[in-house]
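Enquirer: Hey, dropping entry-v2.cif in here, mmCIF, C-alpha atoms:
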data_target
#
loop_
_atom_site.label_atom_id
_atom_site.label_comp_id
_atom_site.auth_asym_id
_atom_site.auth_seq_id
_atom_site.Cartn_x
_atom_site.Cartn_y
_atom_site.Cartn_z
CA MET I 27 7.10 17.07 21.42
CA SER I 28 10.54 15.82 22.39
CA PRO I 29 13.66 16.53 20.27
CA SER I 30 14.08 12.81 19.55
CA PHE I 31 10.49 12.67 18.22
CA ARG I 32 11.33 15.58 15.90
CA ASP I 33 14.59 13.91 14.79
CA GLY I 34 12.76 10.69 13.97
CA PHE I 35 9.97 12.58 12.23
CA ARG I 36 12.45 14.40 10.00
CA GLU I 37 14.43 11.25 9.17
CA GLY I 38 11.35 9.20 8.38
CA PHE I 39 9.96 11.98 6.21
CA ARG I 40 13.22 12.23 4.27
CA ALA I 41 13.38 8.44 3.71
CA PHE I 42 9.81 8.36 2.43
CA LEU I 43 9.64 11.59 0.37
CA PRO I 44 10.81 10.19 -3.01
CA LEU I 45 8.52 7.15 -2.72
CA SER I 46 5.54 9.28 -1.76
CA VAL I 47 5.13 10.66 -5.30
CA GLY I 48 3.60 7.27 -6.13
CA LEU I 49 0.60 8.19 -3.96
CA ILE I 50 -0.29 11.23 -6.07
CA PRO I 51 -1.76 9.53 -9.17
CA TRP I 52 -3.47 6.97 -6.93
CA ALA I 53 -5.17 9.74 -4.91
CA LEU I 54 -6.10 11.59 -8.12
CA VAL I 55 -7.66 8.42 -9.55
CA THR I 56 -9.57 7.78 -6.32
CA GLY I 57 -10.89 11.36 -6.34
CA LEU I 58 -11.94 11.07 -9.98
CA THR I 59 -13.66 7.72 -9.30
CA MET I 60 -15.57 9.01 -6.26
CA SER I 61 -16.93 11.87 -8.37
CA GLY I 62 -17.70 9.42 -11.15
CA VAL I 63 -19.88 7.36 -8.78
CA GLY I 64 -21.96 10.47 -8.09
CA PHE I 65 -20.65 11.65 -4.71
CA THR I 66 -20.83 15.37 -3.99
CA PRO I 67 -17.40 16.90 -3.16
CA LEU I 68 -18.39 16.84 0.55
CA GLN I 69 -19.35 13.13 0.41
CA ALA I 70 -16.20 12.27 -1.55
CA MET I 71 -13.88 14.03 0.91
CA GLY I 72 -15.90 12.59 3.82
CA MET I 73 -15.20 9.07 2.55
CA ASN I 74 -11.57 9.97 1.88
CA VAL I 75 -11.00 11.22 5.45
CA ILE I 76 -13.05 8.56 7.28
CA VAL I 77 -11.93 5.50 5.29
CA PHE I 78 -8.38 6.56 4.22
CA ALA I 79 -7.64 3.28 2.37
CA GLY I 80 -7.00 3.45 -1.37
CA THR I 81 -7.54 -0.18 -2.31
CA ALA I 82 -10.66 -0.48 -0.14
CA GLN I 83 -12.08 2.80 -1.46
CA LEU I 84 -11.51 1.92 -5.11
CA GLY I 85 -12.70 -1.65 -4.49
CA THR I 86 -16.02 -0.67 -2.88
CA LEU I 87 -17.00 2.23 -5.18
CA PRO I 88 -18.42 -0.02 -7.92
CA LEU I 89 -20.51 -1.85 -5.27
CA ILE I 90 -21.82 1.44 -3.85
CA ALA I 91 -22.64 2.65 -7.37
CA ALA I 92 -24.57 -0.58 -8.02
CA GLY I 93 -26.61 -0.14 -4.81
CA SER I 94 -25.22 -3.32 -3.19
CA PRO I 95 -26.27 -4.27 0.36
CA VAL I 96 -24.25 -2.58 3.12
CA TRP I 97 -22.92 -5.87 4.57
CA LEU I 98 -21.35 -6.86 1.23
CA ILE I 99 -19.69 -3.45 0.84
CA VAL I 100 -18.29 -3.55 4.40
CA ILE I 101 -17.02 -7.16 4.12
CA THR I 102 -15.35 -6.33 0.80
CA ALA I 103 -13.52 -3.38 2.40
CA PHE I 104 -12.47 -5.58 5.33
CA VAL I 105 -11.12 -8.31 3.05
CA LEU I 106 -9.25 -5.77 0.92
CA ASN I 107 -7.53 -4.53 4.11
CA LEU I 108 -6.86 -7.97 5.67
CA ARG I 109 -3.20 -7.80 4.66
CA PHE I 110 -2.80 -5.02 7.23
CA ILE I 111 -3.37 -7.48 10.12
CA ILE I 112 -0.10 -9.05 9.00
CA PHE I 113 1.61 -5.65 8.63
CA SER I 114 0.22 -4.50 12.00
CA ALA I 115 1.56 -7.59 13.78
CA ALA I 116 4.94 -7.29 12.05
CA ILE I 117 5.47 -3.64 13.07
CA ALA I 118 3.71 -3.82 16.51
CA ARG I 119 6.97 -4.33 18.45
CA GLY I 120 8.08 -0.88 17.26
CA PHE I 121 5.30 0.70 19.34
CA ARG I 122 6.44 -0.49 22.79
CA GLY I 123 6.40 2.48 25.15
CA VAL I 124 4.01 4.47 22.93
CA PRO I 125 0.68 5.59 24.56
CA ALA I 126 -2.65 4.08 23.44
CA GLY I 127 -3.99 7.21 21.73
CA ALA I 128 -0.92 7.51 19.52
CA ARG I 129 -1.22 3.78 18.74
CA TRP I 130 -4.81 4.16 17.50
CA LEU I 131 -3.76 7.12 15.35
CA SER I 132 -0.78 5.11 14.04
CA GLY I 133 -3.04 2.14 13.27
CA HIS I 134 -5.48 4.28 11.32
CA LEU I 135 -2.59 5.81 9.35
CA LEU I 136 -0.91 2.48 8.47
CA THR I 137 -0.24 2.21 4.71
CA ASP I 138 1.80 -0.11 2.46
CA GLY I 139 4.36 2.63 1.89
CA ALA I 140 4.74 3.67 5.54
CA PHE I 141 5.03 0.02 6.57
CA ALA I 142 7.71 -0.86 4.03
CA THR I 143 9.65 2.35 4.74
CA CYS I 144 9.53 2.19 8.54
CA LEU I 145 9.59 -1.51 9.48
CA GLU I 146 13.34 -2.00 9.81
CA ARG I 147 14.14 1.13 11.83
CA MET I 148 10.96 0.70 13.92
CA LEU I 149 12.19 -2.70 15.10
CA SER I 150 15.81 -1.68 15.69
CA HIS I 151 15.84 1.85 17.19
CA PRO I 152 15.90 1.93 21.04
CA ASP I 153 13.99 5.23 21.65
CA PRO I 154 10.13 4.98 21.55
CA GLN I 155 9.74 8.74 20.92
CA TRP I 156 12.15 8.57 17.96
CA ARG I 157 10.34 5.52 16.57
CA LEU I 158 6.92 7.18 16.83
CA GLY I 159 8.31 10.23 15.03
CA TYR I 160 9.96 8.08 12.36
CA TYR I 161 6.59 6.40 11.76
CA LEU I 162 4.36 9.48 11.93
CA GLY I 163 6.57 11.55 9.57
CA PRO I 164 5.83 9.38 6.51
CA SER I 165 2.30 8.57 7.73
CA ILE I 166 1.10 12.15 8.21
CA TRP I 167 2.75 13.16 4.92
CA SER I 168 0.87 10.28 3.20
CA TRP I 169 -2.39 11.44 4.78
CA LEU I 170 -1.87 15.04 3.58
CA LEU I 171 -0.95 13.98 0.05
CA TRP I 172 -3.91 11.60 -0.03
CA GLN I 173 -6.42 14.30 0.99
CA VAL I 174 -4.99 17.11 -1.16
CA PHE I 175 -4.67 15.11 -4.38
CA ALA I 176 -7.97 13.24 -3.93
CA PHE I 177 -9.53 16.72 -3.64
CA CYS I 178 -7.74 17.73 -6.86
CA GLY I 179 -9.13 14.57 -8.49
CA VAL I 180 -12.66 15.36 -7.28
CA MET I 181 -12.38 18.90 -8.64
CA ALA I 182 -10.73 17.86 -11.91
CA ALA I 183 -13.16 15.02 -12.65
CA GLY I 184 -13.70 14.85 -16.37
CA SER I 185 -10.80 17.07 -17.48
CA ILE I 186 -7.81 14.69 -17.02
CA PRO I 187 -7.26 12.40 -20.03
CA ARG I 188 -7.48 8.74 -19.02
CA GLY I 189 -4.85 7.72 -21.60
CA TRP I 190 -2.03 9.10 -19.44
CA SER I 191 -1.96 5.95 -17.22
CA LEU I 192 -0.74 8.07 -14.29
CA GLU I 193 -2.01 5.42 -11.85
CA PHE I 194 0.94 3.25 -12.94
CA MET I 195 3.21 5.48 -10.83
CA ALA I 196 1.73 3.76 -7.77
CA THR I 197 2.86 0.39 -9.17
CA ILE I 198 6.34 1.79 -9.77
CA ALA I 199 6.45 3.01 -6.14
CA LEU I 200 5.66 -0.51 -4.91
CA ILE I 201 8.35 -1.92 -7.25
CA VAL I 202 10.90 0.50 -5.79
CA LEU I 203 10.05 -0.85 -2.31
CA LEU I 204 10.20 -4.46 -3.49
CA VAL I 205 13.57 -4.46 -5.31
CA PRO I 206 15.92 -4.12 -2.30
CA MET I 207 13.93 -6.77 -0.38
CA ALA I 208 14.23 -9.29 -3.21
CA ARG I 209 18.04 -9.20 -3.03
CA VAL I 210 17.79 -11.80 -0.20
CA ARG I 211 17.07 -15.26 -1.62
CA PRO I 212 14.11 -16.37 0.63
CA MET I 213 12.54 -12.89 0.16
CA LEU I 214 12.80 -13.37 -3.61
CA VAL I 215 11.05 -16.75 -3.25
CA ALA I 216 8.28 -15.12 -1.18
CA ALA I 217 7.85 -12.39 -3.81
CA LEU I 218 7.81 -14.81 -6.76
CA VAL I 219 5.22 -17.10 -5.12
CA GLY I 220 3.10 -14.17 -3.90
CA GLY I 221 3.17 -12.40 -7.26
CA GLY I 222 2.67 -15.57 -9.32
CA LEU I 223 -0.31 -16.77 -7.27
CA ALA I 224 -1.92 -13.31 -7.24
CA VAL I 225 -1.91 -13.44 -11.04
CA ALA I 226 -3.03 -17.09 -11.21
CA LEU I 227 -5.87 -16.62 -8.68
CA ARG I 228 -7.11 -13.25 -9.97
CA GLY I 229 -10.50 -14.82 -10.75
CA MET I 230 -11.32 -15.59 -7.09
CA PRO I 231 -14.26 -13.54 -5.73
CA LEU I 232 -13.70 -10.44 -3.54
CA ARG I 233 -10.02 -10.40 -4.54
CA LEU I 234 -9.52 -13.24 -2.03
CA GLY I 235 -6.82 -14.53 -4.40
CA VAL I 236 -4.57 -11.72 -3.16
CA ILE I 237 -4.94 -12.95 0.44
CA VAL I 238 -4.21 -16.57 -0.56
CA ALA I 239 -1.19 -15.39 -2.59
CA ILE I 240 0.24 -13.38 0.32
CA VAL I 241 -0.16 -16.27 2.80
CA ALA I 242 1.39 -18.75 0.33
CA GLY I 243 4.24 -16.32 -0.42
CA ILE I 244 5.03 -15.93 3.30
CA ALA I 245 4.98 -19.74 3.73
CA ALA I 246 7.27 -20.17 0.71
CA GLY I 247 9.78 -17.61 2.03
CA PHE I 248 9.75 -19.26 5.46
CA ALA I 249 10.22 -22.71 3.87
CA ALA I 250 13.06 -21.42 1.68
CA GLU I 251 14.80 -20.00 4.78
CA SER I 252 14.52 -23.27 6.76
CA TRP I 253 15.68 -25.26 3.73
CA ARG I 254 18.76 -23.10 3.25
CA GLY I 255 19.44 -23.27 6.98
CA LYS I 256 19.82 -27.07 6.76
CA ASP I 257 22.49 -26.86 4.04
CA LEU I 258 24.68 -24.59 6.12
CA PRO I 259 26.95 -25.96 8.87
CA MET M 27 -27.37 8.63 -5.08
CA ASN M 28 -30.19 7.08 -3.07
CA TYR M 29 -28.14 6.53 0.13
CA ASP M 30 -28.15 10.14 1.57
CA TRP M 31 -27.61 9.87 5.33
CA THR M 32 -27.08 6.10 5.10
CA LEU M 33 -24.03 6.94 3.00
CA TRP M 34 -22.36 8.61 5.98
CA GLY M 35 -23.21 5.60 8.16
CA LEU M 36 -21.65 3.40 5.49
CA PHE M 37 -18.47 5.52 5.49
CA ILE M 38 -18.17 5.04 9.26
CA LEU M 39 -18.64 1.26 8.93
CA LEU M 40 -16.04 1.23 6.13
CA GLY M 41 -13.70 3.27 8.33
CA LEU M 42 -14.03 0.63 11.06
CA ALA M 43 -13.59 -2.25 8.59
CA THR M 44 -10.37 -0.74 7.25
CA THR M 45 -8.96 0.68 10.52
CA LEU M 46 -9.47 -2.36 12.79
CA PRO M 47 -7.15 -4.67 10.78
CA ARG M 48 -4.53 -1.89 10.65
CA ALA M 49 -4.78 -0.96 14.34
CA SER M 50 -5.16 -4.56 15.63
CA PHE M 51 -1.68 -5.50 16.80
CA ILE M 52 -0.32 -1.94 16.96
CA VAL M 53 -2.94 -1.17 19.67
CA LEU M 54 -2.93 -4.57 21.44
CA GLY M 55 0.87 -4.57 21.51
CA GLU M 56 2.47 -6.91 24.03
CA ARG M 57 -0.90 -8.22 25.25
CA ALA M 58 -1.36 -10.22 22.05
CA ALA M 59 1.99 -11.55 20.91
CA LEU M 60 2.12 -13.78 17.87
CA PRO M 61 4.08 -17.04 18.23
CA GLU M 62 7.82 -16.81 17.46
CA SER M 63 7.66 -18.90 14.28
CA LEU M 64 4.78 -16.78 12.98
CA GLN M 65 6.80 -13.63 13.69
CA LYS M 66 9.71 -15.10 11.75
CA ALA M 67 7.38 -15.92 8.88
CA LEU M 68 5.94 -12.39 8.98
CA ARG M 69 9.27 -10.97 7.86
CA TYR M 70 8.26 -12.25 4.44
CA ALA M 71 4.89 -10.44 4.53
CA PRO M 72 6.01 -7.22 2.81
CA ALA M 73 7.77 -8.97 -0.07
CA ALA M 74 4.88 -11.38 -0.64
CA ALA M 75 2.19 -8.68 -0.32
CA LEU M 76 3.93 -6.05 -2.47
CA ALA M 77 4.52 -8.67 -5.19
CA ALA M 78 0.89 -9.83 -4.92
CA ILE M 79 -0.30 -6.25 -5.50
CA VAL M 80 2.24 -5.40 -8.22
CA ALA M 81 2.16 -8.60 -10.32
CA PRO M 82 -1.50 -8.38 -11.45
CA ASP M 83 -0.94 -4.69 -12.34
CA VAL M 84 1.97 -5.69 -14.56
CA PHE M 85 0.89 -9.04 -16.06
CA VAL M 86 -2.91 -8.74 -16.30
CA THR M 87 -4.81 -6.55 -18.77
CA GLY M 88 -8.60 -6.56 -18.58
CA GLY M 89 -8.64 -9.88 -16.71
CA GLU M 90 -6.36 -11.57 -19.29
CA LEU M 91 -2.76 -12.69 -18.75
CA THR M 92 -0.52 -10.61 -21.04
CA VAL M 93 3.18 -11.49 -21.12
CA LEU M 94 4.18 -8.63 -23.43
CA SER M 95 2.68 -5.25 -22.62
CA PRO M 96 3.80 -1.63 -22.28
CA ARG M 97 3.32 -1.97 -18.51
CA LEU M 98 5.66 -4.98 -18.33
CA ALA M 99 8.30 -3.05 -20.30
CA ALA M 100 7.81 -0.10 -17.94
CA ALA M 101 8.09 -2.35 -14.86
CA VAL M 102 11.34 -3.89 -16.21
CA ALA M 103 12.72 -0.37 -16.76
CA ALA M 104 11.75 0.62 -13.21
CA VAL M 105 13.35 -2.54 -11.74
CA LEU M 106 16.59 -1.97 -13.69
CA ALA M 107 16.70 1.70 -12.64
CA ALA M 108 16.18 0.70 -9.00
CA LEU M 109 18.84 -2.05 -9.21
CA LEU M 110 21.54 -0.10 -11.04
CA PHE M 111 21.26 3.47 -9.74
CA ARG M 112 20.83 5.08 -6.34
CA ASN M 113 18.79 8.06 -7.57
CA PRO M 114 15.32 7.56 -6.00
CA TRP M 115 13.46 9.46 -8.75
CA LEU M 116 14.99 7.53 -11.67
CA PRO M 117 12.67 4.45 -11.51
CA PHE M 118 9.67 6.79 -11.92
CA ILE M 119 11.24 8.68 -14.83
CA ALA M 120 12.40 5.46 -16.54
CA GLY M 121 9.16 3.55 -15.91
CA MET M 122 6.76 6.29 -17.03
CA GLY M 123 9.05 7.20 -19.96
CA VAL M 124 9.06 3.61 -21.23
CA LEU M 125 5.31 3.23 -20.61
CA TRP M 126 4.45 6.33 -22.64
CA GLY M 127 7.08 5.56 -25.32
CA VAL M 128 5.93 1.98 -25.90
CA GLU M 129 2.25 2.98 -25.86
CA ARG M 130 2.89 5.68 -28.49
CA LEU M 131 4.96 3.21 -30.58
CA LEU M 132 2.18 0.61 -30.46
CA LEU M 133 -0.40 3.23 -31.45
CA ALA M 134 1.79 4.33 -34.39
CA TRP M 135 2.42 0.68 -35.39
CA MET M 136 -1.28 -0.15 -35.47
CA GLY M 137 -2.03 3.10 -37.27
#
Let me see the structure of the file written as structure tokens.
Expert:
Amino acid sequence: MSPSFRDGFREGFRAFLPLSVGLIPWALVTGLTMSGVGFTPLQAMGMNVIVFAGTAQLGTLPLIAAGSPVWLIVITAFVLNLRFIIFSAAIARGFRGVPAGARWLSGHLLTDGAFATCLERMLSHPDPQWRLGYYLGPSIWSWLLWQVFAFCGVMAAGSIPRGWSLEFMATIALIVLLVPMARVRPMLVAALVGGGLAVALRGMPLRLGVIVAIVAGIAAGFAAESWRGKDLP
Amino acid sequence: MNYDWTLWGLFILLGLATTLPRASFIVLGERAALPESLQKALRYAPAAALAAIVAPDVFVTGGELTVLSPRLAAAVAAVLAALLFRNPWLPFIAGMGVLWGVERLLLAWMG
């Protein structure tokens, strides 16, 4: 482990630490839900380690509980994680000079929070070791929090009052990531279109509305940028 | 649970279905470059995606559009805290404080 890897690791961890609290209620809720579906603690933690994807886990649990066919459950999980193809492509340049094994690990550990935290520095820092550290710091911390607090949720199933709405802390974490981005006009357009369409299309099956909203939001931001570009000399 | 061992097979399939999209371009790297214009457009992916995940959480309750809700008030508080102050914990304190406060007020109001 090179010193620059350790430097990056520490800096990435520090940048992500305050945002990471948003994962805790989400992991607790996922743990509670997995127990609620009837998983044993071993099965619940097995899913949590193997799948490691909050939205996909929470989205497929009702289907598993209902005894749905395996293909439907798997396709639903895939669709719920489609947005990560976009994230993966956007951050890929940050992994030049990083060996294949570390890339697979990094891919498996990719989350909304790690992506939003790391993207800018990943694309601008010259040292591949530093970049890998800067990415793995937040990612490994997310993984640990996710496992520990999902386990707490599994163990605590039934004794945490639902009225506390703790899962809203995850929404606040995403808002905290979104606010600085939306200071740039085309980004704001992308966010407004993406958010508006996600609400408008919430009735689409398999949460496909979210995918349509993201694609339309990206197109709107791109269009807003080109439009503004024409007005300037 | 009538899946038993099939359940573990399902977990592995789910792991593949969620990991392949995430690993796709990170693993392929330079061998599969996206076109320049697409890359430019992708800069808007985080803003569009985060908003697409957040907005239904804030504006939709039980499948119905709700313009005034404790969660909207909490989201506004979190946005203001993030805009006006540098303290990274404040949006969480403000957002959860407003959420709980407004929920308690509504409960008291309705008796």
Enquirer: Which residues, written as a ChimeraX atom specification, have at least one atom at most 12 Å from Leu76 (chain M), with only C-alpha atoms counted and residues fewer than 3 positions away on the same chain left out?
Expert: /I:109-110,113,137-139,141-142,196-205,207-208,213-214,216-222,224,236-237,239-240,243-244 /M:70-73,79-83
Enquirer: Please identify all polymer residues within 9 Å of Arg211 (chain I), counting only C-alpha atoms, omitting same-chain residues fewer than 5 positions from it, and present them as JSON, numbers by chain.
Expert: {"I": [216, 247, 250, 251]}
Enquirer: What do you get, as a VMD selection string, if you spell out every residue that the PyMOL selection byres ((chain I and resi 49) around 10) selects here?
Expert: chain I and resid 45 to 48 50 to 55 80 139 168 to 169 171 to 172 175 to 176 193 195 to 197 199
Enquirer: Can you write just those residues out, C-alpha atoms, as a PDB file, in the coordinates of the input?
Expert:
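Output saved as part_33.pdb:
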ATOM      1  CA  LEU I  45       8.520   7.150  -2.720  1.00  0.00           C
ATOM      2  CA  SER I  46       5.540   9.280  -1.760  1.00  0.00           C
ATOM      3  CA  VAL I  47       5.130  10.660  -5.300  1.00  0.00           C
ATOM      4  CA  GLY I  48       3.600   7.270  -6.130  1.00  0.00           C
ATOM      5  CA  ILE I  50      -0.290  11.230  -6.070  1.00  0.00           C
ATOM      6  CA  PRO I  51      -1.760   9.530  -9.170  1.00  0.00           C
ATOM      7  CA  TRP I  52      -3.470   6.970  -6.930  1.00  0.00           C
ATOM      8  CA  ALA I  53      -5.170   9.740  -4.910  1.00  0.00           C
ATOM      9  CA  LEU I  54      -6.100  11.590  -8.120  1.00  0.00           C
ATOM     10  CA  VAL I  55      -7.660   8.420  -9.550  1.00  0.00           C
ATOM     11  CA  GLY I  80      -7.000   3.450  -1.370  1.00  0.00           C
ATOM     12  CA  GLY I 139       4.360   2.630   1.890  1.00  0.00           C
ATOM     13  CA  SER I 168       0.870  10.280   3.200  1.00  0.00           C
ATOM     14  CA  TRP I 169      -2.390  11.440   4.780  1.00  0.00           C
ATOM     15  CA  LEU I 171      -0.950  13.980   0.050  1.00  0.00           C
ATOM     16  CA  TRP I 172      -3.910  11.600  -0.030  1.00  0.00           C
ATOM     17  CA  PHE I 175      -4.670  15.110  -4.380  1.00  0.00           C
ATOM     18  CA  ALA I 176      -7.970  13.240  -3.930  1.00  0.00           C
ATOM     19  CA  GLU I 193      -2.010   5.420 -11.850  1.00  0.00           C
ATOM     20  CA  MET I 195       3.210   5.480 -10.830  1.00  0.00           C
ATOM     21  CA  ALA I 196       1.730   3.760  -7.770  1.00  0.00           C
ATOM     22  CA  THR I 197       2.860   0.390  -9.170  1.00  0.00           C
ATOM     23  CA  ALA I 199       6.450   3.010  -6.140  1.00  0.00           C
TER      24      ALA I 199
END
Enquirer: Take the PyMOL selection byres ((chain M and resi 43) around 8), run it mentally on this structure, and tell me the resulting residues as a ChimeraX atom specification.
Expert: /I:100-101,103-104,107 /M:39-42,44-47
Enquirer: Measuring atom to atom with all atoms listed in the file, identify which of I:Val63, I:Val124, I:Leu58, I:Ala118 is nearest to chain M.
Expert: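 Checking each candidate against chain M, we get I:Ala118 as the closest.
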Enquirer: For a quick check of understanding, using only C-alpha atoms, which of I:Phe39, I:Trp156, I:Trp167, I:Phe194 has the smallest distance to chain M?
Expert: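 Closest residue, counting only C-alpha atoms: I:Phe194.
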Enquirer: Would you list the contacts of Val93 (chain M) as an MDAnalysis selection string, taking every protein, DNA or RNA residue within 12 Å and counting only C-alpha atoms, but skipping same-chain residues closer than 5 positions in sequence?
Expert: (chainID I and resid 225) or (chainID M and resid 81:87 98:99)
Enquirer: Enter the distance from CA of Ser30 (chain I) to CA of Lys66 (chain M), in Å, rounded to one decimal.
Expert: 29.3 Å
Enquirer: Write out N, CA and C atoms for region 211-227 of chain I, as an mmCIF file, keeping the file's coordinate frame.
Expert:
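The result, written out as rebuild37.cif:
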data_model
loop_
_atom_site.group_PDB
_atom_site.id
_atom_site.type_symbol
_atom_site.label_atom_id
_atom_site.label_comp_id
_atom_site.auth_asym_id
_atom_site.auth_seq_id
_atom_site.Cartn_x
_atom_site.Cartn_y
_atom_site.Cartn_z
ATOM 1 N N ARG I 211 17.665 -14.148 -0.906
ATOM 2 C CA ARG I 211 17.070 -15.260 -1.620
ATOM 3 C C ARG I 211 15.670 -15.680 -1.126
ATOM 4 N N PRO I 212 15.463 -15.952 0.197
ATOM 5 C CA PRO I 212 14.110 -16.370 0.630
ATOM 6 C C PRO I 212 13.056 -15.286 0.385
ATOM 7 N N MET I 213 13.459 -13.994 0.455
ATOM 8 C CA MET I 213 12.540 -12.890 0.160
ATOM 9 C C MET I 213 12.106 -12.956 -1.299
ATOM 10 N N LEU I 214 13.092 -13.261 -2.181
ATOM 11 C CA LEU I 214 12.800 -13.370 -3.610
ATOM 12 C C LEU I 214 11.785 -14.490 -3.840
ATOM 13 N N VAL I 215 11.986 -15.630 -3.135
ATOM 14 C CA VAL I 215 11.050 -16.750 -3.250
ATOM 15 C C VAL I 215 9.642 -16.308 -2.814
ATOM 16 N N ALA I 216 9.572 -15.602 -1.680
ATOM 17 C CA ALA I 216 8.280 -15.120 -1.180
ATOM 18 C C ALA I 216 7.604 -14.216 -2.208
ATOM 19 N N ALA I 217 8.398 -13.327 -2.829
ATOM 20 C CA ALA I 217 7.850 -12.390 -3.810
ATOM 21 C C ALA I 217 7.369 -13.122 -5.062
ATOM 22 N N LEU I 218 8.183 -14.091 -5.537
ATOM 23 C CA LEU I 218 7.810 -14.810 -6.760
ATOM 24 C C LEU I 218 6.524 -15.608 -6.550
ATOM 25 N N VAL I 219 6.427 -16.310 -5.402
ATOM 26 C CA VAL I 219 5.220 -17.100 -5.120
ATOM 27 C C VAL I 219 4.023 -16.179 -4.920
ATOM 28 N N GLY I 220 4.197 -15.106 -4.142
ATOM 29 C CA GLY I 220 3.100 -14.170 -3.900
ATOM 30 C C GLY I 220 2.603 -13.526 -5.188
ATOM 31 N N GLY I 221 3.548 -13.047 -6.006
ATOM 32 C CA GLY I 221 3.170 -12.400 -7.260
ATOM 33 C C GLY I 221 2.541 -13.382 -8.238
ATOM 34 N N GLY I 222 3.163 -14.565 -8.370
ATOM 35 C CA GLY I 222 2.670 -15.570 -9.320
ATOM 36 C C GLY I 222 1.258 -16.017 -8.968
ATOM 37 N N LEU I 223 1.022 -16.299 -7.678
ATOM 38 C CA LEU I 223 -0.310 -16.770 -7.270
ATOM 39 C C LEU I 223 -1.356 -15.664 -7.397
ATOM 40 N N ALA I 224 -0.964 -14.417 -7.117
ATOM 41 C CA ALA I 224 -1.920 -13.310 -7.240
ATOM 42 C C ALA I 224 -2.422 -13.211 -8.680
ATOM 43 N N VAL I 225 -1.511 -13.459 -9.632
ATOM 44 C CA VAL I 225 -1.910 -13.440 -11.040
ATOM 45 C C VAL I 225 -2.776 -14.673 -11.347
ATOM 46 N N ALA I 226 -2.327 -15.838 -10.892
ATOM 47 C CA ALA I 226 -3.030 -17.090 -11.210
ATOM 48 C C ALA I 226 -4.437 -17.115 -10.600
ATOM 49 N N LEU I 227 -4.595 -16.544 -9.401
ATOM 50 C CA LEU I 227 -5.870 -16.620 -8.680
ATOM 51 C C LEU I 227 -6.696 -15.351 -8.809
#
